[in-house]
>>> print(open('query-v2.csv').read())   # CSV, C-alpha atoms
chain,number,residue,atom,x,y,z
W,1429,MET,CA,0.0,0.0,0.0
W,1430,ARG,CA,1.0,3.6,-0.2
W,1431,HIS,CA,-0.5,7.0,0.7
W,1432,PHE,CA,-2.4,8.5,-2.2
W,1433,GLY,CA,-2.4,5.1,-3.9
W,1434,GLN,CA,-6.0,5.7,-4.9
W,1435,ILE,CA,-4.9,8.4,-7.3
W,1436,SER,CA,-3.8,7.5,-10.8
W,1437,PRO,CA,0.0,7.3,-11.4
W,1438,THR,CA,-0.2,10.2,-13.9
W,1439,VAL,CA,-2.0,12.5,-11.5
W,1440,ARG,CA,0.3,11.4,-8.7
W,1441,ASP,CA,3.3,12.3,-10.8
W,1442,SER,CA,1.9,15.8,-11.4
W,1443,LEU,CA,1.5,16.3,-7.6
W,1444,PHE,CA,4.7,14.9,-6.1
W,1445,HIS,CA,8.3,15.9,-6.4
W,1446,GLN,CA,9.0,12.6,-4.5
W,1447,GLU,CA,6.1,10.1,-4.4
W,1448,PRO,CA,5.1,8.3,-1.2
W,1449,CYS,CA,6.9,5.0,-0.8
W,1450,GLU,CA,5.2,1.6,-0.8
W,1451,PHE,CA,4.9,-0.2,2.5
W,1452,SER,CA,3.2,-3.2,3.9
W,1453,ALA,CA,2.3,-4.7,7.3
W,1454,ALA,CA,5.7,-6.4,7.2
W,1455,SER,CA,7.6,-3.1,6.9
W,1456,PRO,CA,9.9,-1.9,9.7
W,1457,ALA,CA,8.1,-0.5,12.8
W,1458,ARG,CA,9.7,2.9,12.3
W,1459,THR,CA,8.1,3.1,8.8
W,1460,LEU,CA,4.7,1.9,10.0
W,1461,ALA,CA,4.6,4.3,12.9
W,1462,ALA,CA,5.2,7.3,10.6
W,1463,ALA,CA,2.8,5.9,8.0
W,1464,LEU,CA,-0.3,5.4,10.2
W,1465,GLY,CA,-1.7,8.7,9.2
W,1466,ALA,CA,-5.5,9.0,9.8
W,1467,THR,CA,-6.3,5.9,11.8
W,1468,LEU,CA,-10.0,5.3,11.2
W,1469,TYR,CA,-12.1,3.7,14.0
W,1470,SER,CA,-15.0,1.4,13.3
W,1471,PRO,CA,-17.3,-0.5,15.6
W,1472,ALA,CA,-16.6,-4.2,15.4
W,1473,THR,CA,-20.3,-4.9,15.2
W,1474,ARG,CA,-20.7,-3.8,11.6
W,1475,PRO,CA,-22.3,-6.7,9.7
W,1476,LYS,CA,-20.5,-5.9,6.5
W,1477,LEU,CA,-17.2,-4.9,8.1
W,1478,ALA,CA,-15.1,-6.8,5.5
W,1479,ASP,CA,-16.7,-4.9,2.7
W,1480,ASP,CA,-16.3,-1.6,4.6
W,1481,VAL,CA,-12.5,-2.3,5.1
W,1482,LEU,CA,-12.0,-3.0,1.4
W,1483,LYS,CA,-14.0,0.0,0.3
W,1484,LEU,CA,-12.1,2.3,2.6
W,1485,ALA,CA,-8.8,0.9,1.5
W,1486,ALA,CA,-9.7,1.8,-2.1
W,1487,ARG,CA,-10.4,5.4,-0.9
W,1488,GLY,CA,-6.9,5.8,0.7
W,1489,VAL,CA,-7.3,4.5,4.3
W,1490,VAL,CA,-4.1,2.8,5.4
W,1491,SER,CA,-4.8,2.1,9.1
W,1492,MET,CA,-8.0,1.1,10.9
W,1493,VAL,CA,-9.0,0.2,14.5
W,1494,LEU,CA,-11.9,-2.3,14.8
W,1495,CYS,CA,-13.4,-1.4,18.2
W,1496,LEU,CA,-14.7,-3.7,20.9
W,1497,GLU,CA,-14.6,-1.0,23.6
W,1498,ASP,CA,-16.4,2.3,24.0
W,1499,SER,CA,-18.0,2.3,20.5
W,1500,ILE,CA,-20.2,-0.7,21.3
W,1501,ASP,CA,-22.6,-1.5,24.1
W,1502,ASP,CA,-21.4,-3.8,26.9
W,1503,ALA,CA,-24.0,-6.4,25.9
W,1504,GLU,CA,-22.7,-6.5,22.3
W,1505,VAL,CA,-19.1,-7.7,23.1
W,1506,ALA,CA,-19.5,-11.4,22.6
W,1507,GLU,CA,-21.4,-10.9,19.3
W,1508,ALA,CA,-18.8,-8.3,18.2
W,1509,GLU,CA,-16.0,-10.8,18.8
W,1510,GLU,CA,-17.8,-13.5,16.8
W,1511,ASN,CA,-18.3,-10.9,14.0
W,1512,LEU,CA,-14.6,-10.0,13.9
W,1513,VAL,CA,-13.7,-13.7,13.6
W,1514,ARG,CA,-16.1,-14.1,10.6
W,1515,GLN,CA,-15.0,-10.8,9.0
W,1516,PHE,CA,-11.3,-11.6,9.2
W,1517,ALA,CA,-11.9,-15.0,7.7
W,1518,ASP,CA,-13.7,-13.3,4.8
W,1519,LEU,CA,-10.9,-10.7,4.3
W,1520,ASP,CA,-8.3,-13.4,4.4
W,1521,ALA,CA,-10.2,-15.5,1.8
W,1522,ARG,CA,-10.5,-12.6,-0.6
W,1523,GLY,CA,-6.7,-12.1,-0.5
W,1524,GLU,CA,-6.8,-8.4,-1.3
W,1525,GLU,CA,-4.5,-5.7,0.0
W,1526,LEU,CA,-5.7,-4.4,3.3
W,1527,PRO,CA,-5.0,-1.4,5.6
W,1528,LEU,CA,-3.1,-2.0,8.8
W,1529,LEU,CA,-5.8,-3.5,11.0
W,1530,PHE,CA,-5.9,-3.3,14.8
W,1531,ILE,CA,-8.4,-4.5,17.3
W,1532,ARG,CA,-9.3,-2.4,20.3
W,1533,VAL,CA,-10.0,-4.7,23.2
W,1534,ARG,CA,-11.3,-4.2,26.7
W,1535,GLU,CA,-9.4,-6.7,28.8
W,1536,PRO,CA,-6.0,-8.5,28.4
W,1537,ALA,CA,-7.7,-11.9,28.2
W,1538,GLN,CA,-9.3,-10.9,24.9
W,1539,ILE,CA,-6.0,-10.8,23.1
W,1540,PRO,CA,-4.9,-14.5,23.3
W,1541,ASP,CA,-8.5,-15.6,22.9
W,1542,LEU,CA,-9.1,-13.6,19.7
W,1543,VAL,CA,-5.7,-14.5,18.3
W,1544,GLU,CA,-6.5,-18.2,18.8
W,1545,ARG,CA,-10.1,-17.8,17.3
W,1546,LEU,CA,-8.8,-15.9,14.3
W,1547,GLY,CA,-6.7,-18.9,13.3
W,1548,PRO,CA,-4.9,-18.5,10.0
W,1549,SER,CA,-6.6,-15.1,9.3
W,1550,VAL,CA,-4.5,-13.6,12.2
W,1551,ARG,CA,-1.9,-12.9,9.5
W,1552,ARG,CA,-4.3,-10.0,8.5
W,1553,LEU,CA,-4.0,-8.5,12.0
W,1554,SER,CA,-1.3,-5.9,12.8
W,1555,GLY,CA,-2.0,-5.6,16.5
W,1556,PHE,CA,-4.1,-4.4,19.4
W,1557,VAL,CA,-5.2,-1.0,20.8
W,1558,LEU,CA,-5.0,-1.0,24.6
W,1559,PRO,CA,-7.5,1.3,26.4
W,1560,LYS,CA,-7.0,3.4,29.5
W,1561,PHE,CA,-3.3,2.6,29.6
W,1562,THR,CA,-1.4,3.0,32.9
W,1563,GLU,CA,1.5,1.0,34.3
W,1564,GLU,CA,-0.8,-1.1,36.4
W,1565,ARG,CA,-3.3,-1.8,33.6
W,1566,GLY,CA,-0.8,-1.8,30.8
W,1567,VAL,CA,1.6,-4.6,31.9
W,1568,PRO,CA,-1.1,-7.4,31.8
W,1569,PHE,CA,-2.1,-6.2,28.3
W,1570,LEU,CA,1.5,-6.2,27.0
W,1571,GLU,CA,2.2,-9.5,28.6
W,1572,ALA,CA,-0.9,-11.0,26.9
W,1573,LEU,CA,0.2,-9.5,23.6
W,1574,ALA,CA,3.7,-10.9,23.9
W,1575,ASP,CA,2.3,-14.4,24.7
W,1576,ALA,CA,-0.1,-14.2,21.8
W,1577,GLU,CA,2.6,-13.2,19.4
W,1578,THR,CA,4.8,-16.1,20.5
W,1579,ALA,CA,1.9,-18.6,20.2
W,1580,SER,CA,0.7,-17.5,16.8
W,1581,GLY,CA,4.1,-16.6,15.2
W,1582,GLN,CA,2.5,-13.4,14.0
W,1583,ARG,CA,4.1,-10.0,14.6
W,1584,LEU,CA,1.7,-8.0,16.7
W,1585,PHE,CA,2.0,-4.4,17.7
W,1586,ALA,CA,0.5,-2.5,20.6
W,1587,MET,CA,-1.0,1.0,20.5
W,1588,PRO,CA,-1.7,2.1,24.1
W,1589,VAL,CA,-4.4,4.8,24.6
W,1590,LEU,CA,-3.5,7.4,27.1
W,1591,GLU,CA,-6.8,8.5,28.5
W,1592,SER,CA,-7.0,7.6,32.2
W,1593,PRO,CA,-8.1,10.0,34.9
W,1594,GLU,CA,-4.8,9.4,36.7
W,1595,LEU,CA,-3.0,11.0,33.7
W,1596,LEU,CA,-5.4,13.9,33.6
W,1597,HIS,CA,-5.4,14.8,37.3
W,1598,LEU,CA,-2.5,17.1,38.2
W,1599,GLU,CA,-1.7,15.4,41.5
W,1600,THR,CA,-1.2,12.0,39.9
W,1601,ARG,CA,0.0,12.9,36.4
W,1602,THR,CA,3.8,12.9,37.0
W,1603,GLU,CA,3.7,9.5,38.7
W,1604,THR,CA,1.4,8.1,36.0
W,1605,LEU,CA,3.5,9.3,33.2
W,1606,THR,CA,6.7,8.0,34.8
W,1607,GLY,CA,5.0,4.5,35.2
W,1608,ILE,CA,3.8,4.6,31.6
W,1609,ALA,CA,7.2,5.5,30.3
W,1610,ALA,CA,8.9,2.7,32.2
W,1611,THR,CA,6.3,0.2,30.9
W,1612,VAL,CA,6.4,1.1,27.2
W,1613,ASP,CA,10.1,1.3,27.3
W,1614,LYS,CA,10.3,-2.3,28.5
W,1615,TYR,CA,8.1,-3.4,25.6
W,1616,ARG,CA,9.6,-0.9,23.1
W,1617,ASP,CA,9.8,-3.3,20.2
W,1618,ARG,CA,6.1,-4.0,20.4
W,1619,VAL,CA,4.8,-0.5,21.0
W,1620,LEU,CA,4.1,1.1,17.6
W,1621,ALA,CA,2.5,4.3,18.7
W,1622,LEU,CA,0.8,6.0,21.7
W,1623,ARG,CA,-2.7,7.3,21.1
W,1624,LEU,CA,-4.3,10.2,23.1
W,1625,GLY,CA,-7.9,9.8,24.4
W,1626,VAL,CA,-8.9,13.4,24.5
W,1627,THR,CA,-12.6,12.7,24.6
W,1628,ASP,CA,-12.1,10.9,28.0
W,1629,PHE,CA,-10.0,13.8,29.3
W,1630,CYS,CA,-12.9,16.2,28.5
W,1631,SER,CA,-15.4,13.8,30.0
W,1632,ALA,CA,-13.7,13.9,33.4
W,1633,TYR,CA,-14.6,17.6,33.6
W,1634,GLY,CA,-17.9,17.6,31.7
W,1635,LEU,CA,-16.4,19.4,28.8
W,1636,ARG,CA,-16.8,19.1,25.0
W,1637,ARG,CA,-15.1,21.4,22.5
W,1638,SER,CA,-17.2,22.9,19.8
W,1639,PRO,CA,-16.3,22.7,16.1
W,1640,ASP,CA,-14.8,26.2,16.3
W,1641,MET,CA,-12.3,25.0,18.9
W,1642,THR,CA,-9.3,22.7,18.7
W,1643,ALA,CA,-8.1,20.5,21.6
W,1644,TYR,CA,-5.4,23.1,22.2
W,1645,ASP,CA,-8.1,25.7,23.0
W,1646,VAL,CA,-9.2,23.5,26.0
W,1647,GLN,CA,-6.4,24.4,28.4
W,1648,ILE,CA,-6.7,21.4,30.7
W,1649,VAL,CA,-6.4,19.1,27.6
W,1650,ALA,CA,-3.6,21.1,26.1
W,1651,ALA,CA,-1.6,20.8,29.4
W,1652,VAL,CA,-1.9,17.0,29.3
W,1653,ILE,CA,-0.8,16.8,25.7
W,1654,ALA,CA,2.2,18.9,26.5
W,1655,ASP,CA,3.2,16.7,29.4
W,1656,VAL,CA,2.7,13.5,27.4
W,1657,VAL,CA,4.9,14.8,24.6
W,1658,ASN,CA,7.5,16.1,27.1
W,1659,VAL,CA,7.9,12.7,28.7
W,1660,LEU,CA,7.0,10.2,25.9
W,1661,GLY,CA,7.6,12.1,22.6
W,1662,ARG,CA,11.2,13.1,22.9
W,1663,ALA,CA,13.4,13.1,19.7
W,1664,ASP,CA,16.5,11.7,21.5
W,1665,GLY,CA,15.8,8.1,20.8
W,1666,THR,CA,13.8,7.5,24.0
W,1667,GLY,CA,10.5,8.8,22.6
W,1668,PHE,CA,7.6,7.2,20.8
W,1669,THR,CA,5.2,8.3,18.0
W,1670,VAL,CA,2.3,10.0,19.7
W,1671,THR,CA,-0.8,10.5,17.6
W,1672,GLY,CA,-3.2,13.4,17.5
W,1673,PRO,CA,-6.6,13.4,19.2
W,1674,VAL,CA,-9.9,12.6,17.6
W,1675,TRP,CA,-12.0,15.2,15.8
W,1676,GLU,CA,-15.6,14.6,16.7
W,1677,TYR,CA,-17.5,16.5,14.0
W,1678,PHE,CA,-18.3,15.1,10.6
W,1679,ARG,CA,-21.0,17.2,9.0
W,1680,LEU,CA,-18.7,17.5,6.1
W,1681,GLN,CA,-19.4,14.9,3.4
W,1682,GLU,CA,-17.5,14.3,0.3
W,1683,ARG,CA,-20.7,14.7,-1.8
W,1684,MET,CA,-20.7,18.4,-0.9
W,1685,PHE,CA,-17.6,18.7,-3.0
W,1686,LYS,CA,-18.6,16.6,-6.0
W,1687,PRO,CA,-20.7,19.1,-7.9
W,1688,GLN,CA,-17.9,21.7,-7.7
W,1689,LEU,CA,-15.4,19.1,-8.8
W,1690,ARG,CA,-17.4,18.2,-11.8
W,1691,ARG,CA,-17.7,21.9,-12.8
W,1692,SER,CA,-14.0,22.7,-12.3
W,1693,PRO,CA,-11.1,21.1,-14.1
W,1694,PHE,CA,-8.4,19.6,-11.8
W,1695,MET,CA,-6.0,22.2,-10.4
W,1696,GLU,CA,-7.4,25.2,-12.4
W,1697,GLY,CA,-8.2,28.2,-10.2
W,1698,ARG,CA,-9.9,26.1,-7.5
W,1699,ALA,CA,-8.0,27.2,-4.4
W,1700,GLU,CA,-10.3,30.0,-3.1
W,1701,GLU,CA,-13.5,28.2,-4.0
W,1702,LEU,CA,-12.5,25.0,-2.3
W,1703,ARG,CA,-11.1,26.8,0.7
W,1704,ALA,CA,-14.4,28.6,1.2
W,1705,THR,CA,-16.2,25.3,1.0
W,1706,LEU,CA,-14.0,23.7,3.6
W,1707,ILE,CA,-14.6,26.5,6.1
W,1708,GLU,CA,-18.3,26.5,5.4
W,1709,HIS,CA,-18.6,22.8,6.2
W,1710,ASP,CA,-16.8,22.9,9.5
W,1711,LEU,CA,-13.5,21.5,8.3
W,1712,ASP,CA,-11.6,24.6,9.2
W,1713,GLY,CA,-11.4,23.5,12.9
W,1714,LEU,CA,-10.0,20.1,11.9
W,1715,LEU,CA,-7.4,21.7,9.6
W,1716,ARG,CA,-6.2,24.0,12.4
W,1717,GLU,CA,-6.1,21.1,14.8
W,1718,ILE,CA,-4.0,19.0,12.4
W,1719,GLU,CA,-1.5,21.8,12.1
W,1720,LEU,CA,-1.4,22.3,15.8
W,1721,ASP,CA,-0.9,18.6,16.3
W,1722,ARG,CA,2.3,18.7,14.3
W,1723,ALA,CA,3.5,21.9,15.9
W,1724,ASN,CA,3.2,20.2,19.3
W,1725,GLY,CA,5.0,17.0,18.3
W,1726,LEU,CA,2.1,14.7,17.4
W,1727,GLN,CA,2.0,12.6,14.2
W,1728,GLY,CA,-1.1,11.1,12.6
W,1729,LYS,CA,-4.6,11.3,14.0
W,1730,THR,CA,-7.4,9.3,15.4
W,1731,CYS,CA,-10.5,9.6,13.1
W,1732,ILE,CA,-14.1,8.5,13.4
W,1733,HIS,CA,-15.3,9.5,10.0
W,1734,PRO,CA,-14.0,8.7,6.5
W,1735,SER,CA,-14.3,12.4,5.5
W,1736,HIS,CA,-11.4,13.2,7.9
W,1737,VAL,CA,-8.9,10.9,6.3
W,1738,LEU,CA,-7.9,12.8,3.2
W,1739,PRO,CA,-7.4,16.2,5.0
W,1740,VAL,CA,-5.1,14.5,7.5
W,1741,HIS,CA,-3.1,12.8,4.7
W,1742,ALA,CA,-3.0,16.0,2.5
W,1743,LEU,CA,-1.6,18.0,5.4
W,1744,SER,CA,0.9,15.3,6.2
W,1745,VAL,CA,2.6,15.6,2.8
W,1746,VAL,CA,6.0,17.4,3.1
W,1747,SER,CA,6.1,20.7,1.2
W,1748,HIS,CA,8.9,21.3,-1.3
W,1749,GLU,CA,10.2,24.0,1.0
W,1750,GLU,CA,10.3,21.7,4.1
W,1751,PHE,CA,12.1,19.1,2.1
W,1752,SER,CA,14.7,21.5,0.8
W,1753,ASP,CA,15.4,22.7,4.3
W,1754,ALA,CA,15.7,19.2,5.7
W,1755,GLN,CA,18.0,18.1,3.0
W,1756,ASP,CA,20.3,21.1,3.5
W,1757,ILE,CA,20.5,20.6,7.2
W,1758,LEU,CA,21.4,16.9,6.9
W,1759,ARG,CA,24.0,17.2,4.2
W,1760,PRO,CA,27.1,15.2,5.3
W,1761,GLU,CA,29.3,18.3,5.0
W,1762,ARG,CA,27.1,20.0,7.6
W,1763,GLY,CA,28.0,17.5,10.3
W,1764,GLY,CA,30.0,20.0,12.2
W,1765,GLY,CA,27.1,22.4,12.7
W,1766,GLY,CA,26.7,25.9,11.6
W,1767,VAL,CA,24.1,28.3,10.3
W,1768,MET,CA,22.9,28.9,6.7
W,1769,ARG,CA,20.3,30.8,4.9
W,1770,SER,CA,17.6,28.5,3.5
W,1771,ALA,CA,17.4,27.8,-0.3
W,1772,TYR,CA,14.1,29.7,-0.2
W,1773,THR,CA,16.0,32.6,1.3
W,1774,ASN,CA,13.3,33.2,3.9
W,1775,LYS,CA,14.7,31.6,7.1
W,1776,MET,CA,17.7,30.5,9.1
W,1777,ASN,CA,18.6,26.8,9.1
W,1778,GLU,CA,20.8,26.0,12.1
W,1779,VAL,CA,22.2,22.5,11.7
W,1780,LYS,CA,22.5,21.1,15.2
W,1781,PRO,CA,19.2,22.5,16.7
W,1782,HIS,CA,17.2,21.6,13.6
W,1783,ARG,CA,18.7,18.1,12.9
W,1784,ALA,CA,16.0,16.2,14.8
W,1785,TRP,CA,13.3,18.1,12.9
W,1786,ALA,CA,15.0,17.4,9.6
W,1787,GLU,CA,15.3,13.7,10.3
W,1788,ARG,CA,11.6,13.5,11.3
W,1789,THR,CA,10.7,15.5,8.2
W,1790,LEU,CA,12.5,13.2,5.8
W,1791,LEU,CA,10.9,10.2,7.4
W,1792,ARG,CA,7.5,11.8,6.8
W,1793,ALA,CA,8.6,12.6,3.2
W,1794,GLU,CA,9.4,8.9,2.7
W,1795,VAL,CA,5.9,7.8,3.6
W,1796,PHE,CA,3.7,10.7,2.6
W,1797,GLY,CA,5.8,12.1,-0.3
W,1798,VAL,CA,7.0,15.6,-1.1
W,1799,ALA,CA,4.8,17.9,-3.0
W,1800,ARG,CA,6.0,19.7,-6.1
W,1801,GLU,CA,6.9,23.3,-5.6
W,1802,GLU,CA,3.6,24.7,-6.9
W,1803,VAL,CA,1.4,22.1,-5.2
W,1804,GLY,CA,-0.3,22.7,-1.9
W,1805,PHE,CA,-3.0,21.3,0.4
W,1806,VAL,CA,-5.9,22.3,-1.9
W,1807,GLU,CA,-4.4,20.5,-4.9
W,1808,LEU,CA,-3.8,17.4,-2.9
W,1809,LEU,CA,-7.2,17.4,-1.4
W,1810,THR,CA,-8.9,18.0,-4.8
W,1811,ALA,CA,-7.0,15.2,-6.4
W,1812,GLY,CA,-7.8,12.8,-3.6
W,1813,LEU,CA,-11.5,13.6,-3.8
W,1814,SER,CA,-11.5,13.3,-7.6
W,1815,GLY,CA,-9.4,10.1,-7.6
>>> encode(input="query-v2.csv", output="structure tokens")
Amino acid sequence: MRHFGQISPTVRDSLFHQEPCEFSAASPARTLAAALGATLYSPATRPKLADDVLKLAARGVVSMVLCLEDSIDDAEVAEAEENLVRQFADLDARGEELPLLFIRVREPAQIPDLVERLGPSVRRLSGFVLPKFTEERGVPFLEALADAETASGQRLFAMPVLESPELLHLETRTETLTGIAATVDKYRDRVLALRLGVTDFCSAYGLRRSPDMTAYDVQIVAAVIADVVNVLGRADGTGFTVTGPVWEYFRLQERMFKPQLRRSPFMEGRAEELRATLIEHDLDGLLREIELDRANGLQGKTCIHPSHVLPVHALSVVSHEEFSDAQDILRPERGGGGVMRSAYTNKMNEVKPHRAWAERTLLRAEVFGVAREEVGFVELLTAGLSG
């Protein structure tokens, strides 16, 4: 699979200075963590889940979480597990390329049980999402995952969700973060990414942000995000990929764009028209939050609606200017440090302080590609909706 793989090669060539690389579930963890992008959640109870997965893959989704936790009723768990086993068998039998598939469980015992029940179709599973993760709760989950991996011979990743009240409350946050850091470090090879459960954070205080506000406008949430990145998202080799919080609003539907796309040729004077449409249909808040996610050290995003996927991916593409700066900073002859004017002549590139940023940018360029100099978010979004 590859990002923007749903777009024809000819159009992709017109958009990208460097095209996104191909990757698979067997790719190195470093590549997969960077490539997660918009991770789309779906209740595990959906009766045509296999069809949904294949349809979404054809529309550019590269990672999905099939949820047995908060998205379904407590009374539906057993039925949802049975449905997952049937749907994985169906997907395996079809033999088509799939997104990275993860199952969000409730309890550690579900992990070995599901792996055993999946049988041969477990090869279509990339791992498990572990809810309300703390040191105390997390160790049994990770031990269960390690045992299931050994028993099945299938590489299985964990994506812990940081959403517990102990992490939110100021008096327990430092101790909780320290415990989480020690736990995920012990199981580093199995932890693909850490996910933020911002909805649970808001719930603890009876809050809910409006579509005009980002998670960073809710100060109590922004403070937790900052502390999580501070402890768990460092760029010194000790950190992990931390993904952006969910965007709850989805009034936007792709059909809103279709009439405009039919009237207007691809990439011909569409920027202002499309930008106005995006803002009109409540996507402006999502776009601002994606930008703030990256500015605050987060990569990728939890999504609960397909209309959010393409904007996340379009804003993850590395601009030609970013790529130029990153390459300049990482040139071998710059190894001793120093300061230079950027090739775009609009900023200072300082080799040592900007090195970690440049390395992260080139990894993002590998999986999401580098846009041509004249191509921006609007062109990428338009092409994705047309393709």
>>> closest_atom_pairs(input="query-v2.csv", of="stretch 1610-1642 of chain W", to="stretch 1493-1517 of chain W", cutoff="12 Å", atoms="only C-alpha atoms", output="JSON lines")
{"residue": "W:Arg1623", "atom": "CA", "partner": "W:Val1493", "partner_atom": "CA", "distance": 11.6}
{"residue": "W:Gly1625", "atom": "CA", "partner": "W:Asp1498", "partner_atom": "CA", "distance": 11.3}
{"residue": "W:Thr1627", "atom": "CA", "partner": "W:Asp1498", "partner_atom": "CA", "distance": 11.1}
{"residue": "W:Asp1628", "atom": "CA", "partner": "W:Asp1498", "partner_atom": "CA", "distance": 10.4}
>>> write_last_selection(input="query-v2.csv", atoms="C-alpha atoms", output="PDB file, keeping the file's coordinate frame")
ATOM      1  CA  ARG W1623      -2.700   7.300  21.100  1.00  0.00           C
ATOM      2  CA  GLY W1625      -7.900   9.800  24.400  1.00  0.00           C
ATOM      3  CA  THR W1627     -12.600  12.700  24.600  1.00  0.00           C
ATOM      4  CA  ASP W1628     -12.100  10.900  28.000  1.00  0.00           C
TER       5      ASP W1628
END
>>> atom_distance(input="query-v2.csv", atom1="atom CA of W:Asp1479", atom2="atom CA of W:Gln1434")
16.9 Å
>>> atom_distance(input="query-v2.csv", atom1="atom CA of W:Val1670", atom2="atom CA of W:Gln1727")
6.1 Å
>>> residues_around(input="query-v2.csv", residues="W:Thr1789", least_positions_apart="4", cutoff="7 Å", atoms="only C-alpha atoms", output="MDAnalysis selection string")
chainID W and resid 1754 1785 1793
>>> residues_around(input="query-v2.csv", residues="stretch 1613-1617 of chain W", least_positions_apart="6", cutoff="12 Å", atoms="all atoms listed in the file", output="PyMOL selection string")
chain W and resi 1456-1458+1461+1563+1566-1574+1583-1588+1605-1607+1659-1660+1665-1669
>>> residues_around(input="query-v2.csv", residues="stretch 1592-1597 of chain W", least_positions_apart="2", cutoff="9 Å", atoms="only C-alpha atoms", output="list in words")
Pro1559, Lys1560, Phe1561, Thr1562, Val1589, Leu1590, Glu1599, Thr1600, Arg1601, Thr1602, Glu1603, Thr1604, Leu1605, Gly1625, Asp1628, Phe1629, Ala1632, Ile1648, Val1649, Ala1651, Val1652 and Val1656 of chain W
>>> closest_residue(input="query-v2.csv", among="W:Leu1791, W:Met1641, W:Val1803, W:Val1740", to="W:Gln1755", atoms="all atoms listed in the file")
W:Leu1791
>>> residues_around(input="query-v2.csv", residues="W:Glu1802", least_positions_apart="6", cutoff="12 Å", atoms="only C-alpha atoms", output="number ranges by chain")
W: 1442-1445, 1695, 1747-1749, 1808
>>> atom_distance(input="query-v2.csv", atom1="atom CA of W:Phe1556", atom2="atom CA of W:Leu1477")
17.3 Å
>>> closest_residue(input="query-v2.csv", among="W:Thr1671, W:Val1439, W:Arg1788, W:Phe1432", to="W:Pro1739", atoms="only C-alpha atoms")
W:Phe1432
>>> residues_around(input="query-v2.csv", residues="W:Ile1435", least_positions_apart="5", cutoff="9 Å", atoms="all atoms listed in the file", output="VMD selection string")
chain W and resid 1440 1487 to 1488 1811 to 1812 1814 to 1815
>>> closest_residue(input="query-v2.csv", among="W:Leu1738, W:Ala1453, W:Leu1813, W:Val1798", to="W:Leu1468", atoms="all atoms listed in the file")
W:Leu1738
>>> closest_residue(input="query-v2.csv", among="W:Val1745, W:Val1767, W:Ala1610, W:Ala1486", to="W:Pro1781", atoms="only C-alpha atoms")
W:Val1767
>>> residues_near_point(input="query-v2.csv", point="(-3.0, -5.0, 11.9)", cutoff="8 Å", atoms="all atoms listed in the file", output="list in words")
Ala1453, Ser1491, Met1492, Pro1527, Leu1528, Leu1529, Phe1530, Ile1531, Arg1552, Leu1553, Ser1554, Gly1555, Phe1556, Leu1584 and Phe1585 of chain W
>>> closest_residue(input="query-v2.csv", among="W:Phe1451, W:Trp1675, W:Phe1805, W:Tyr1644", to="W:Ala1723", atoms="all atoms listed in the file")
W:Tyr1644
